[in-house]
>>> print(open('query_19.pdb').read())   # PDB, C-alpha atoms and all ligand atoms
MODEL        1
ATOM      1  CA  MET A 675     112.244  87.329  88.133
ATOM      2  CA  ALA A 676     108.416  87.325  88.067
ATOM      3  CA  GLU A 677     108.512  84.697  85.334
ATOM      4  CA  SER A 678     110.817  82.388  87.318
ATOM      5  CA  MET A 679     108.545  82.711  90.414
ATOM      6  CA  PHE A 680     105.547  81.772  88.242
ATOM      7  CA  VAL A 681     107.316  78.662  86.936
ATOM      8  CA  LEU A 682     108.439  77.756  90.462
ATOM      9  CA  GLU A 683     104.890  77.859  91.813
ATOM     10  CA  GLU A 684     103.611  75.795  88.865
ATOM     11  CA  ASN A 685     106.136  73.043  89.565
ATOM     12  CA  VAL A 686     104.345  69.873  90.790
ATOM     13  CA  PHE A 687     106.929  69.210  93.507
ATOM     14  CA  VAL A 688     106.765  72.792  94.834
ATOM     15  CA  LYS A 689     102.944  72.718  94.668
ATOM     16  CA  THR A 690     102.877  69.480  96.713
ATOM     17  CA  ILE A 691     105.216  70.951  99.347
ATOM     18  CA  LEU A 692     103.196  74.180  99.607
ATOM     19  CA  SER A 693      99.879  72.296  99.825
ATOM     20  CA  SER A 694     101.241  69.974 102.531
ATOM     21  CA  TYR A 695     102.531  73.018 104.389
ATOM     22  CA  ASN A 696      99.040  74.508 104.191
ATOM     23  CA  VAL A 697      97.415  71.286 105.460
ATOM     24  CA  LEU A 698      99.878  71.240 108.389
ATOM     25  CA  VAL A 699      98.941  74.829 109.338
ATOM     26  CA  HIS A 700      95.250  73.834 109.306
ATOM     27  CA  ILE A 701      95.943  70.789 111.521
ATOM     28  CA  LEU A 702      97.940  72.828 114.077
ATOM     29  CA  LEU A 703      95.295  75.559 114.021
ATOM     30  CA  GLY A 704      92.529  72.972 114.588
ATOM     31  CA  MET A 705      94.434  71.535 117.570
ATOM     32  CA  ILE A 706      94.858  74.947 119.228
ATOM     33  CA  VAL A 707      91.283  76.100 118.625
ATOM     34  CA  GLY A 708      89.914  72.695 119.716
ATOM     35  CA  ILE A 709      91.904  72.654 122.985
ATOM     36  CA  SER A 710      90.880  76.262 123.809
ATOM     37  CA  LEU A 711      87.192  75.558 123.187
ATOM     38  CA  LEU A 712      87.300  72.327 125.239
ATOM     39  CA  PHE A 713      88.889  74.275 128.083
ATOM     40  CA  ALA A 714      86.220  76.978 127.745
ATOM     41  CA  VAL A 715      83.208  74.655 127.891
ATOM     42  CA  LYS A 716      84.431  72.810 130.967
ATOM     43  CA  LEU A 717      83.279  75.930 132.899
ATOM     44  CA  ASP A 718      85.449  75.353 135.962
ATOM     45  CA  TYR A 719      88.284  77.832 135.808
ATOM     46  CA  ASN A 720      89.425  77.829 139.459
ATOM     47  CA  ALA A 721      87.822  81.209 139.253
ATOM     48  CA  THR A 722      89.265  84.661 139.095
ATOM     49  CA  SER A 723      87.381  87.866 139.933
ATOM     50  CA  VAL A 724      85.628  87.580 136.565
ATOM     51  CA  PRO A 725      82.369  85.517 136.456
ATOM     52  CA  GLU A 726      82.718  82.137 134.758
ATOM     53  CA  ASP A 727      80.119  82.776 132.057
ATOM     54  CA  ILE A 728      82.040  85.927 131.078
ATOM     55  CA  ILE A 729      85.293  83.948 130.751
ATOM     56  CA  LEU A 730      83.373  81.369 128.688
ATOM     57  CA  LEU A 731      82.019  84.070 126.381
ATOM     58  CA  HIS A 732      85.459  85.718 126.226
ATOM     59  CA  ILE A 733      87.153  82.521 125.018
ATOM     60  CA  LEU A 734      84.275  81.558 122.686
ATOM     61  CA  LEU A 735      84.571  84.950 120.953
ATOM     62  CA  CYS A 736      88.336  85.666 121.065
ATOM     63  CA  VAL A 737      89.706  82.289 119.973
ATOM     64  CA  PRO A 738      87.390  81.723 116.969
ATOM     65  CA  GLY A 739      87.645  85.441 116.074
ATOM     66  CA  TYR A 740      91.342  86.215 116.421
ATOM     67  CA  THR A 741      92.791  82.749 115.927
ATOM     68  CA  LEU A 742      90.479  80.715 113.659
ATOM     69  CA  ILE A 743      88.836  83.326 111.407
ATOM     70  CA  MET A 744      91.796  85.728 111.177
ATOM     71  CA  THR A 745      94.131  82.884 110.249
ATOM     72  CA  GLN A 746      91.708  81.854 107.489
ATOM     73  CA  SER A 747      91.501  85.468 106.376
ATOM     74  CA  ILE A 748      95.306  85.700 106.022
ATOM     75  CA  MET A 749      95.627  82.241 104.453
ATOM     76  CA  SER A 750      92.853  82.981 101.926
ATOM     77  CA  MET A 751      95.277  85.351 100.152
ATOM     78  CA  THR A 752      97.932  82.668  99.548
ATOM     79  CA  HIS A 753      98.192  80.766  96.220
ATOM     80  CA  TYR A 754      98.131  77.319  97.750
ATOM     81  CA  ASN A 755      95.409  77.595 100.425
ATOM     82  CA  THR A 756      93.061  74.573 100.236
ATOM     83  CA  TRP A 757      89.604  76.158 100.066
ATOM     84  CA  SER A 758      90.441  79.491  98.397
ATOM     85  CA  SER A 759      93.008  78.538  95.737
ATOM     86  CA  SER A 760      90.439  78.379  92.921
ATOM     87  CA  LEU A 761      88.976  81.837  93.675
ATOM     88  CA  SER A 762      89.835  84.819  91.464
ATOM     89  CA  ILE A 763      92.034  87.583  92.936
ATOM     90  CA  ALA A 764      88.968  89.844  93.278
ATOM     91  CA  ASN A 765      87.023  87.163  95.163
ATOM     92  CA  LYS A 766      90.036  86.381  97.375
ATOM     93  CA  ARG A 767      90.127  90.069  98.359
ATOM     94  CA  ARG A 768      86.383  90.009  99.072
ATOM     95  CA  VAL A 769      86.667  86.852 101.204
ATOM     96  CA  HIS A 770      89.696  88.355 102.996
ATOM     97  CA  TRP A 771      87.940  91.534 104.099
ATOM     98  CA  ILE A 772      84.649  89.795 104.961
ATOM     99  CA  LEU A 773      86.494  87.275 107.188
ATOM    100  CA  GLN A 774      88.565  90.105 108.645
ATOM    101  CA  VAL A 775      85.446  92.069 109.619
ATOM    102  CA  ILE A 776      83.780  88.961 111.154
ATOM    103  CA  GLY A 777      86.966  87.838 113.000
ATOM    104  CA  SER A 778      87.703  91.329 114.289
ATOM    105  CA  GLY A 779      84.072  91.754 115.376
ATOM    106  CA  PHE A 780      84.218  88.513 117.393
ATOM    107  CA  GLY A 781      87.668  89.280 118.866
ATOM    108  CA  LEU A 782      86.929  92.903 119.774
ATOM    109  CA  THR A 783      83.597  91.953 121.404
ATOM    110  CA  GLY A 784      85.258  89.137 123.403
ATOM    111  CA  SER A 785      87.996  91.482 124.632
ATOM    112  CA  ILE A 786      85.665  94.372 125.512
ATOM    113  CA  ILE A 787      83.287  92.050 127.432
ATOM    114  CA  ILE A 788      86.053  90.858 129.785
ATOM    115  CA  MET A 789      87.639  94.326 130.093
ATOM    116  CA  VAL A 790      84.306  95.693 131.328
ATOM    117  CA  TYR A 791      83.966  92.950 133.950
ATOM    118  CA  LYS A 792      87.528  93.183 135.326
ATOM    119  CA  ASP A 793      88.115  95.449 138.350
ATOM    120  CA  VAL A 794      91.738  96.271 137.432
ATOM    121  CA  ASN A 795      92.632  96.322 133.758
ATOM    122  CA  PHE A 796      95.836  95.319 131.958
ATOM    123  CA  ASN A 797      97.660  94.028 135.022
ATOM    124  CA  THR A 798      98.652  90.760 133.263
ATOM    125  CA  LEU A 799     100.793  90.170 130.167
ATOM    126  CA  HIS A 800      97.781  88.374 128.676
ATOM    127  CA  GLY A 801      95.658  91.498 129.146
ATOM    128  CA  GLN A 802      98.408  93.821 127.866
ATOM    129  CA  PHE A 803      98.856  91.807 124.652
ATOM    130  CA  GLY A 804      95.048  91.695 124.375
ATOM    131  CA  LEU A 805      94.992  95.508 124.448
ATOM    132  CA  VAL A 806      97.775  95.756 121.817
ATOM    133  CA  THR A 807      95.799  93.312 119.635
ATOM    134  CA  LEU A 808      92.630  95.357 120.063
ATOM    135  CA  ILE A 809      94.344  98.647 119.118
ATOM    136  CA  PHE A 810      96.186  97.221 116.093
ATOM    137  CA  THR A 811      93.065  95.365 114.908
ATOM    138  CA  ILE A 812      91.082  98.616 114.872
ATOM    139  CA  ILE A 813      93.859 100.610 113.111
ATOM    140  CA  SER A 814      94.428  97.754 110.668
ATOM    141  CA  MET A 815      90.716  97.650 109.788
ATOM    142  CA  ILE A 816      90.642 101.397 109.068
ATOM    143  CA  ASN A 817      93.853 101.097 107.057
ATOM    144  CA  GLY A 818      92.378  98.052 105.279
ATOM    145  CA  VAL A 819      89.663 100.294 103.823
ATOM    146  CA  THR A 820      92.271 102.731 102.437
ATOM    147  CA  SER A 821      94.210  99.741 101.116
ATOM    148  CA  LEU A 822      91.080  98.356  99.390
ATOM    149  CA  LEU A 823      90.380 101.776  97.854
ATOM    150  CA  SER A 824      94.082 102.481  97.267
ATOM    151  CA  HIS A 825      93.659 103.183  93.547
ATOM    152  CA  ARG A 826      90.867 105.703  94.136
ATOM    153  CA  LEU A 827      92.867 107.368  96.919
ATOM    154  CA  ARG A 828      96.169 107.429  95.016
ATOM    155  CA  ARG A 829      96.105 111.236  94.770
ATOM    156  CA  PHE A 830      96.419 111.406  98.567
ATOM    157  CA  ILE A 831      98.498 108.319  99.421
ATOM    158  CA  PRO A 832     100.524 106.101  97.031
ATOM    159  CA  PRO A 833      98.790 102.640  96.749
ATOM    160  CA  ILE A 834     102.003 100.761  97.562
ATOM    161  CA  LEU A 835     102.388 102.731 100.804
ATOM    162  CA  SER A 836      98.867 101.961 102.059
ATOM    163  CA  LYS A 837      99.413  98.279 101.167
ATOM    164  CA  ILE A 838     102.721  98.202 103.057
ATOM    165  CA  THR A 839     101.190  99.790 106.170
ATOM    166  CA  HIS A 840      98.246  97.370 105.962
ATOM    167  CA  ILE A 841     100.577  94.348 105.894
ATOM    168  CA  VAL A 842     102.709  95.713 108.784
ATOM    169  CA  LEU A 843      99.662  96.532 110.951
ATOM    170  CA  GLY A 844      98.084  93.153 110.152
ATOM    171  CA  ILE A 845     101.280  91.281 111.081
ATOM    172  CA  VAL A 846     101.556  93.152 114.408
ATOM    173  CA  ALA A 847      97.852  92.543 115.246
ATOM    174  CA  TYR A 848      98.069  88.835 114.395
ATOM    175  CA  ALA A 849     101.397  88.261 116.192
ATOM    176  CA  SER A 850     100.169  90.036 119.302
ATOM    177  CA  ALA A 851      96.905  87.981 119.290
ATOM    178  CA  SER A 852      99.086  84.849 119.230
ATOM    179  CA  ALA A 853     101.303  86.154 122.064
ATOM    180  CA  CYS A 854      98.111  86.910 124.021
ATOM    181  CA  LEU A 855      96.896  83.355 123.409
ATOM    182  CA  CYS A 856     100.263  81.944 124.576
ATOM    183  CA  TYR A 857      99.925  83.915 127.837
ATOM    184  CA  ALA A 858      96.384  82.508 128.191
ATOM    185  CA  PHE A 859      97.839  78.972 127.970
ATOM    186  CA  ASN A 860     100.429  80.008 130.567
ATOM    187  CA  LYS A 861      97.667  80.807 133.081
ATOM    188  CA  THR A 862      97.466  78.644 136.219
ATOM    189  CA  MET A 863      93.828  77.823 135.408
ATOM    190  CA  PHE A 864      94.877  76.267 132.084
ATOM    191  CA  LYS A 865      97.878  74.426 133.568
ATOM    192  CA  LEU A 866      95.685  72.976 136.339
ATOM    193  CA  TRP A 867      93.319  71.609 133.673
ATOM    194  CA  THR A 868      96.180  70.156 131.622
ATOM    195  CA  SER A 869      99.750  70.192 133.020
ATOM    196  CA  ASP A 870     102.887  72.342 132.731
ATOM    197  CA  SER A 871     104.272  70.214 129.896
ATOM    198  CA  VAL A 872     100.984  70.162 127.912
ATOM    199  CA  ALA A 873     100.738  73.959 128.293
ATOM    200  CA  LEU A 874     104.325  74.272 127.030
ATOM    201  CA  GLY A 875     103.492  72.041 124.057
ATOM    202  CA  VAL A 876     100.379  74.064 123.223
ATOM    203  CA  ILE A 877     102.353  77.335 123.490
ATOM    204  CA  SER A 878     105.047  75.927 121.166
ATOM    205  CA  ILE A 879     102.445  74.819 118.595
ATOM    206  CA  THR A 880     100.851  78.293 118.723
ATOM    207  CA  GLY A 881     104.272  79.881 118.092
ATOM    208  CA  ILE A 882     105.053  77.495 115.223
ATOM    209  CA  PHE A 883     101.784  77.961 113.328
ATOM    210  CA  THR A 884     101.906  81.741 113.872
ATOM    211  CA  LEU A 885     105.314  81.851 112.148
ATOM    212  CA  MET A 886     104.076  79.526 109.405
ATOM    213  CA  VAL A 887     101.061  81.781 108.756
ATOM    214  CA  LEU A 888     103.134  84.973 108.807
ATOM    215  CA  ILE A 889     105.787  83.825 106.321
ATOM    216  CA  ASN A 890     103.617  84.709 103.298
ATOM    217  CA  PRO A 891     102.739  88.259 104.485
ATOM    218  CA  LEU A 892     106.423  88.797 105.420
ATOM    219  CA  VAL A 893     107.551  87.730 101.927
ATOM    220  CA  ASN A 894     104.901  90.025 100.380
ATOM    221  CA  LEU A 895     106.106  92.867 102.574
ATOM    222  CA  CYS A 896     109.715  92.398 101.368
ATOM    223  CA  LYS A 897     108.515  92.290  97.722
ATOM    224  CA  LYS A 898     106.531  95.525  98.188
ATOM    225  CA  PHE A 899     109.512  97.240  99.857
ATOM    226  CA  ILE A 900     111.789  96.260  96.957
ATOM    227  CA  LYS A 901     109.168  97.549  94.491
ATOM    228  CA  LEU A 902     108.874 100.825  96.430
ATOM    229  CA  ILE A 903     112.674 101.318  96.509
ATOM    230  CA  LYS A 904     112.931 100.513  92.776
ATOM    231  CA  THR A 905     110.222 103.032  91.819
ATOM    232  CA  ARG A 906     111.857 105.697  94.043
ATOM    233  CA  LEU A 907     115.252 105.058  92.408
ATOM    234  CA  GLU A 908     113.746 105.269  88.911
ATOM    235  CA  LYS A 909     112.303 108.761  89.620
TER     236      LYS A 909
HETATM  237  C1  LIG B1001      93.543  85.465 121.098
HETATM  238  C2  LIG B1001      92.746  85.193 122.093
HETATM  239  C3  LIG B1001      92.537  86.119 123.272
HETATM  240  C4  LIG B1001      92.566  87.491 123.366
HETATM  241  C5  LIG B1001      92.842  88.489 122.260
HETATM  242  C6  LIG B1001      92.284  87.850 124.731
HETATM  243  C7  LIG B1001      92.207  89.157 125.231
HETATM  244  C8  LIG B1001      91.962  89.503 126.560
HETATM  245  C9  LIG B1001      91.777  90.840 127.063
HETATM  246  C10 LIG B1001      91.835  92.119 126.239
HETATM  247  C11 LIG B1001      91.532  90.750 128.399
HETATM  248  C12 LIG B1001      91.212  91.904 129.354
HETATM  249  C13 LIG B1001      92.470  92.311 130.118
HETATM  250  C14 LIG B1001      92.216  93.379 131.137
HETATM  251  O1  LIG B1001      91.242  94.128 131.043
HETATM  252  O2  LIG B1001      93.045  93.469 132.035
HETATM  253  C15 LIG B1001      91.574  89.347 128.758
HETATM  254  C16 LIG B1001      91.403  88.838 130.034
HETATM  255  C17 LIG B1001      91.351  87.505 130.363
HETATM  256  N1  LIG B1001      91.453  86.439 129.485
HETATM  257 FE1  LIG B1001      91.774  86.559 127.498
HETATM  258  N2  LIG B1001      92.103  86.688 125.456
HETATM  259  C18 LIG B1001      92.235  85.614 124.600
HETATM  260  C19 LIG B1001      92.126  84.269 124.915
HETATM  261  C20 LIG B1001      91.932  83.768 126.202
HETATM  262  C21 LIG B1001      91.921  82.372 126.538
HETATM  263  C22 LIG B1001      92.131  81.212 125.564
HETATM  264  C23 LIG B1001      91.741  82.294 127.883
HETATM  265  C24 LIG B1001      91.686  81.081 128.750
HETATM  266  C25 LIG B1001      92.677  80.245 128.840
HETATM  267  C26 LIG B1001      91.601  83.641 128.394
HETATM  268  C27 LIG B1001      91.366  83.981 129.712
HETATM  269  C28 LIG B1001      91.325  85.269 130.198
HETATM  270  C29 LIG B1001      91.131  85.606 131.610
HETATM  271  C30 LIG B1001      90.948  84.616 132.745
HETATM  272  C31 LIG B1001      91.162  86.994 131.699
HETATM  273  C32 LIG B1001      91.040  87.852 132.994
HETATM  274  C33 LIG B1001      92.416  87.914 133.686
HETATM  275  C34 LIG B1001      93.506  88.648 132.887
HETATM  276  O3  LIG B1001      93.347  89.806 132.484
HETATM  277  O4  LIG B1001      94.543  88.014 132.623
HETATM  278  N3  LIG B1001      91.738  84.515 127.334
HETATM  279  N4  LIG B1001      91.817  88.616 127.614
ENDMDL
END
>>> encode(input="query_19.pdb", output="structure tokens")
Amino acid sequence: MAESMFVLEENVFVKTILSSYNVLVHILLGMIVGISLLFAVKLDYNATSVPEDIILLHILLCVPGYTLIMTQSIMSMTHYNTWSSSLSIANKRRVHWILQVIGSGFGLTGSIIIMVYKDVNFNTLHGQFGLVTLIFTIISMINGVTSLLSHRLRRFIPPILSKITHIVLGIVAYASASACLCYAFNKTMFKLWTSDSVALGVISITGIFTLMVLINPLVNLCKKFIKLIKTRLEK
């Protein structure tokens, strides 16, 4: 099985498809981040109760943190990712956790800043998904450390189990950040700047690239589950 997968990924046709897929994800990601940042710097949000410079800071931290850097962090672990494909497994892991710490730091700061300035918290779906993202990002970071040290901690928790929980927590955090972003694009302030149909297009693109990014972690999760079941059955 492992041998046939290896041959499949070495196939020139398959490599071309996977690389094109990766380029497409980067293009869609660039579009979404670019549109969000353009919206942010226009500084005229048809204001809410939150000061405009706080909304600016919020977007400038959350979108690069949760969307741009976290996507790169997840993609860095895939075989066919443009900039990381020639790195060794050890260096891919290093890049992954460094990007994860930077992205989470940006995202958490951006969320906390706006939460502090709002009079009533979590009264919008955007805010509620933002809170879910914040909680899962923190748990996922703690679990990431146990996953990184899984071999040293194997007396307390089986390595495969801490890897599985890390993938699940990471998928939930990333998916909820994307849902939060979709609700941001659904805000009246964004639709007034663009239009209903542009907002719908941007939301669809966000959904598409989120699924495209999550396919690899989902496949890895299935592989780890199968491995876990096999080892349990062998005992
Ligand atoms: C992945 C990116 C984002 C995350 C994780 C995020 C997260 C959050 C969080 C946690 C809050 C505080 C909610 C509360 O205390 O009730 C919030 C509020 C807010 N965010 Fe974002 N945000 C993101 C992107 C954006 C973008 C792109 C915009 C602009 C279109 C935006 C505009 C706002 C506004 C106006 C508020 C205050 C009103 C409300 O709570 O809905 N956010 N966000």
>>> axis_aligned_box(input="query_19.pdb", around="ligand LIG 1001 (chain B)", padding_each_side="8 Å", output="JSON")
{"center_x": 92.7, "center_y": 87.2, "center_z": 127.4, "size_x": 19.6, "size_y": 29.9, "size_z": 28.6}
>>> closest_residue(input="query_19.pdb", among="A:Ala873, A:Ile882, A:Met744, A:Ile845", to="Ala858 (chain A)", atoms="all atoms listed in the file")
A:Ala873
>>> closest_atom_pairs(input="query_19.pdb", of="chain A", to="ligand LIG 1001 (chain B)", cutoff="6 Å", atoms="only C-alpha atoms and all ligand atoms", output="tab-separated table")
residue	atom	partner	partner_atom	distance
A:Ser710	CA	B:LIG1001	C22	5.4
A:Ile733	CA	B:LIG1001	C21	5.0
A:Cys736	CA	B:LIG1001	C2	4.6
A:Val737	CA	B:LIG1001	C2	4.7
A:Tyr740	CA	B:LIG1001	C1	5.2
A:Thr741	CA	B:LIG1001	C1	5.9
A:Ser785	CA	B:LIG1001	C10	4.2
A:Ile788	CA	B:LIG1001	C12	5.3
A:Met789	CA	B:LIG1001	O1	3.7
A:Lys792	CA	B:LIG1001	O1	5.7
A:Asn795	CA	B:LIG1001	O2	3.4
A:Phe796	CA	B:LIG1001	O2	3.3
A:Asn797	CA	B:LIG1001	O2	5.5
A:Thr798	CA	B:LIG1001	O4	5.0
A:His800	CA	B:LIG1001	O4	5.1
A:Gly801	CA	B:LIG1001	C13	3.4
A:Gly804	CA	B:LIG1001	C10	3.7
A:Leu805	CA	B:LIG1001	C10	5.0
A:Ala851	CA	B:LIG1001	C1	4.6
A:Ser852	CA	B:LIG1001	C1	5.9
A:Cys854	CA	B:LIG1001	C1	5.6
A:Leu855	CA	B:LIG1001	C1	4.6
A:Ala858	CA	B:LIG1001	C25	4.4
A:Phe859	CA	B:LIG1001	C25	5.4
A:Phe864	CA	B:LIG1001	C25	5.6
>>> resolve_selection(input="query_19.pdb", expression="the PyMOL selection byres (((chain A and resi 773) around 12) and not hetatm)", output="JSON, numbers by chain")
{"A": [738, 739, 740, 741, 742, 743, 744, 745, 746, 747, 748, 749, 750, 751, 766, 767, 768, 769, 770, 771, 772, 774, 775, 776, 777, 778, 779, 780, 781, 815]}
>>> residues_around(input="query_19.pdb", residues="Phe810 (chain A)", least_positions_apart="3", cutoff="10 Å", atoms="all atoms listed in the file", output="mmCIF file with C-alpha atoms, in the coordinates of the input")
data_model
loop_
_atom_site.group_PDB
_atom_site.id
_atom_site.type_symbol
_atom_site.label_atom_id
_atom_site.label_comp_id
_atom_site.auth_asym_id
_atom_site.auth_seq_id
_atom_site.Cartn_x
_atom_site.Cartn_y
_atom_site.Cartn_z
ATOM 1 C CA LEU A 805 94.992 95.508 124.448
ATOM 2 C CA VAL A 806 97.775 95.756 121.817
ATOM 3 C CA THR A 807 95.799 93.312 119.635
ATOM 4 C CA ILE A 813 93.859 100.610 113.111
ATOM 5 C CA SER A 814 94.428 97.754 110.668
ATOM 6 C CA MET A 815 90.716 97.650 109.788
ATOM 7 C CA ILE A 816 90.642 101.397 109.068
ATOM 8 C CA VAL A 842 102.709 95.713 108.784
ATOM 9 C CA LEU A 843 99.662 96.532 110.951
ATOM 10 C CA GLY A 844 98.084 93.153 110.152
ATOM 11 C CA ILE A 845 101.280 91.281 111.081
ATOM 12 C CA VAL A 846 101.556 93.152 114.408
ATOM 13 C CA ALA A 847 97.852 92.543 115.246
ATOM 14 C CA TYR A 848 98.069 88.835 114.395
ATOM 15 C CA SER A 850 100.169 90.036 119.302
ATOM 16 C CA ALA A 851 96.905 87.981 119.290
#
>>> closest_residue(input="query_19.pdb", among="A:Thr756, A:Gln802, A:Asn894, A:Thr880", to="Leu703 (chain A)", atoms="all atoms listed in the file")
A:Thr880
>>> residues_near_point(input="query_19.pdb", point="(80.7, 87.8, 131.0)", cutoff="9 Å", atoms="only C-alpha atoms", output="NGL selection string")
:A and (724-732 or 784 or 787-788 or 790-791)
>>> atom_distance(input="query_19.pdb", atom1="CA of Phe830 (chain A)", atom2="CA of Asn765 (chain A)")
26.2 Å
>>> atom_distance(input="query_19.pdb", atom1="CA of Leu712 (chain A)", atom2="CA of Asn860 (chain A)")
16.1 Å
>>> atom_distance(input="query_19.pdb", atom1="CA of Leu827 (chain A)", atom2="CA of Val893 (chain A)")
25.0 Å
>>> closest_residue(input="query_19.pdb", among="A:Asn685, A:Val876, A:Leu902, A:Leu885", to="Val707 (chain A)", atoms="only C-alpha atoms")
A:Val876
>>> closest_residue(input="query_19.pdb", among="A:Leu874, A:Ile809, A:Ile831, A:Tyr754", to="Thr690 (chain A)", atoms="all atoms listed in the file")
A:Tyr754
>>> resolve_selection(input="query_19.pdb", expression="the PyMOL selection byres (((chain A and resi 883) around 9) and not hetatm)", output="list of chain:residue names")
A:Leu698, A:Val699, A:His700, A:Leu702, A:Leu703, A:Ser878, A:Ile879, A:Thr880, A:Gly881, A:Ile882, A:Thr884, A:Leu885, A:Met886, A:Val887, A:Leu888
>>> build_atoms(input="query_19.pdb", residues="region 683-703 of chain A", atoms="N, CA and C atoms", output="CSV table (one decimal), keeping the file's coordinate frame")
chain,number,residue,atom,x,y,z
A,683,GLU,N,106.1,78.2,91.2
A,683,GLU,CA,104.9,77.9,91.8
A,683,GLU,C,104.0,76.9,91.0
A,684,GLU,N,104.3,76.8,89.7
A,684,GLU,CA,103.6,75.8,88.9
A,684,GLU,C,104.2,74.4,89.0
A,685,ASN,N,105.4,74.3,89.5
A,685,ASN,CA,106.1,73.0,89.6
A,685,ASN,C,105.4,72.1,90.5
A,686,VAL,N,105.2,70.8,90.0
A,686,VAL,CA,104.3,69.9,90.8
A,686,VAL,C,104.9,69.6,92.2
A,687,PHE,N,106.3,69.5,92.2
A,687,PHE,CA,106.9,69.2,93.5
A,687,PHE,C,106.7,70.4,94.5
A,688,VAL,N,106.9,71.6,94.0
A,688,VAL,CA,106.8,72.8,94.8
A,688,VAL,C,105.3,72.9,95.3
A,689,LYS,N,104.4,72.6,94.3
A,689,LYS,CA,102.9,72.7,94.7
A,689,LYS,C,102.6,71.7,95.8
A,690,THR,N,103.2,70.5,95.7
A,690,THR,CA,102.9,69.5,96.7
A,690,THR,C,103.4,69.9,98.1
A,691,ILE,N,104.6,70.5,98.1
A,691,ILE,CA,105.2,71.0,99.3
A,691,ILE,C,104.4,72.1,100.0
A,692,LEU,N,104.0,73.0,99.1
A,692,LEU,CA,103.2,74.2,99.6
A,692,LEU,C,101.8,73.7,100.1
A,693,SER,N,101.2,72.8,99.4
A,693,SER,CA,99.9,72.3,99.8
A,693,SER,C,100.0,71.5,101.1
A,694,SER,N,101.0,70.7,101.3
A,694,SER,CA,101.2,70.0,102.5
A,694,SER,C,101.5,70.9,103.7
A,695,TYR,N,102.3,72.0,103.4
A,695,TYR,CA,102.5,73.0,104.4
A,695,TYR,C,101.2,73.6,104.9
A,696,ASN,N,100.3,73.9,103.9
A,696,ASN,CA,99.0,74.5,104.2
A,696,ASN,C,98.2,73.6,105.0
A,697,VAL,N,98.2,72.3,104.7
A,697,VAL,CA,97.4,71.3,105.5
A,697,VAL,C,97.9,71.2,106.9
A,698,LEU,N,99.3,71.3,107.1
A,698,LEU,CA,99.9,71.2,108.4
A,698,LEU,C,99.4,72.4,109.2
A,699,VAL,N,99.4,73.6,108.6
A,699,VAL,CA,98.9,74.8,109.3
A,699,VAL,C,97.5,74.6,109.8
A,700,HIS,N,96.6,74.1,108.9
A,700,HIS,CA,95.2,73.8,109.3
A,700,HIS,C,95.1,72.8,110.5
A,701,ILE,N,96.0,71.8,110.4
A,701,ILE,CA,95.9,70.8,111.5
A,701,ILE,C,96.3,71.4,112.9
A,702,LEU,N,97.5,72.2,112.8
A,702,LEU,CA,97.9,72.8,114.1
A,702,LEU,C,96.9,73.8,114.6
A,703,LEU,N,96.3,74.6,113.7
A,703,LEU,CA,95.3,75.6,114.0
A,703,LEU,C,94.1,74.8,114.7
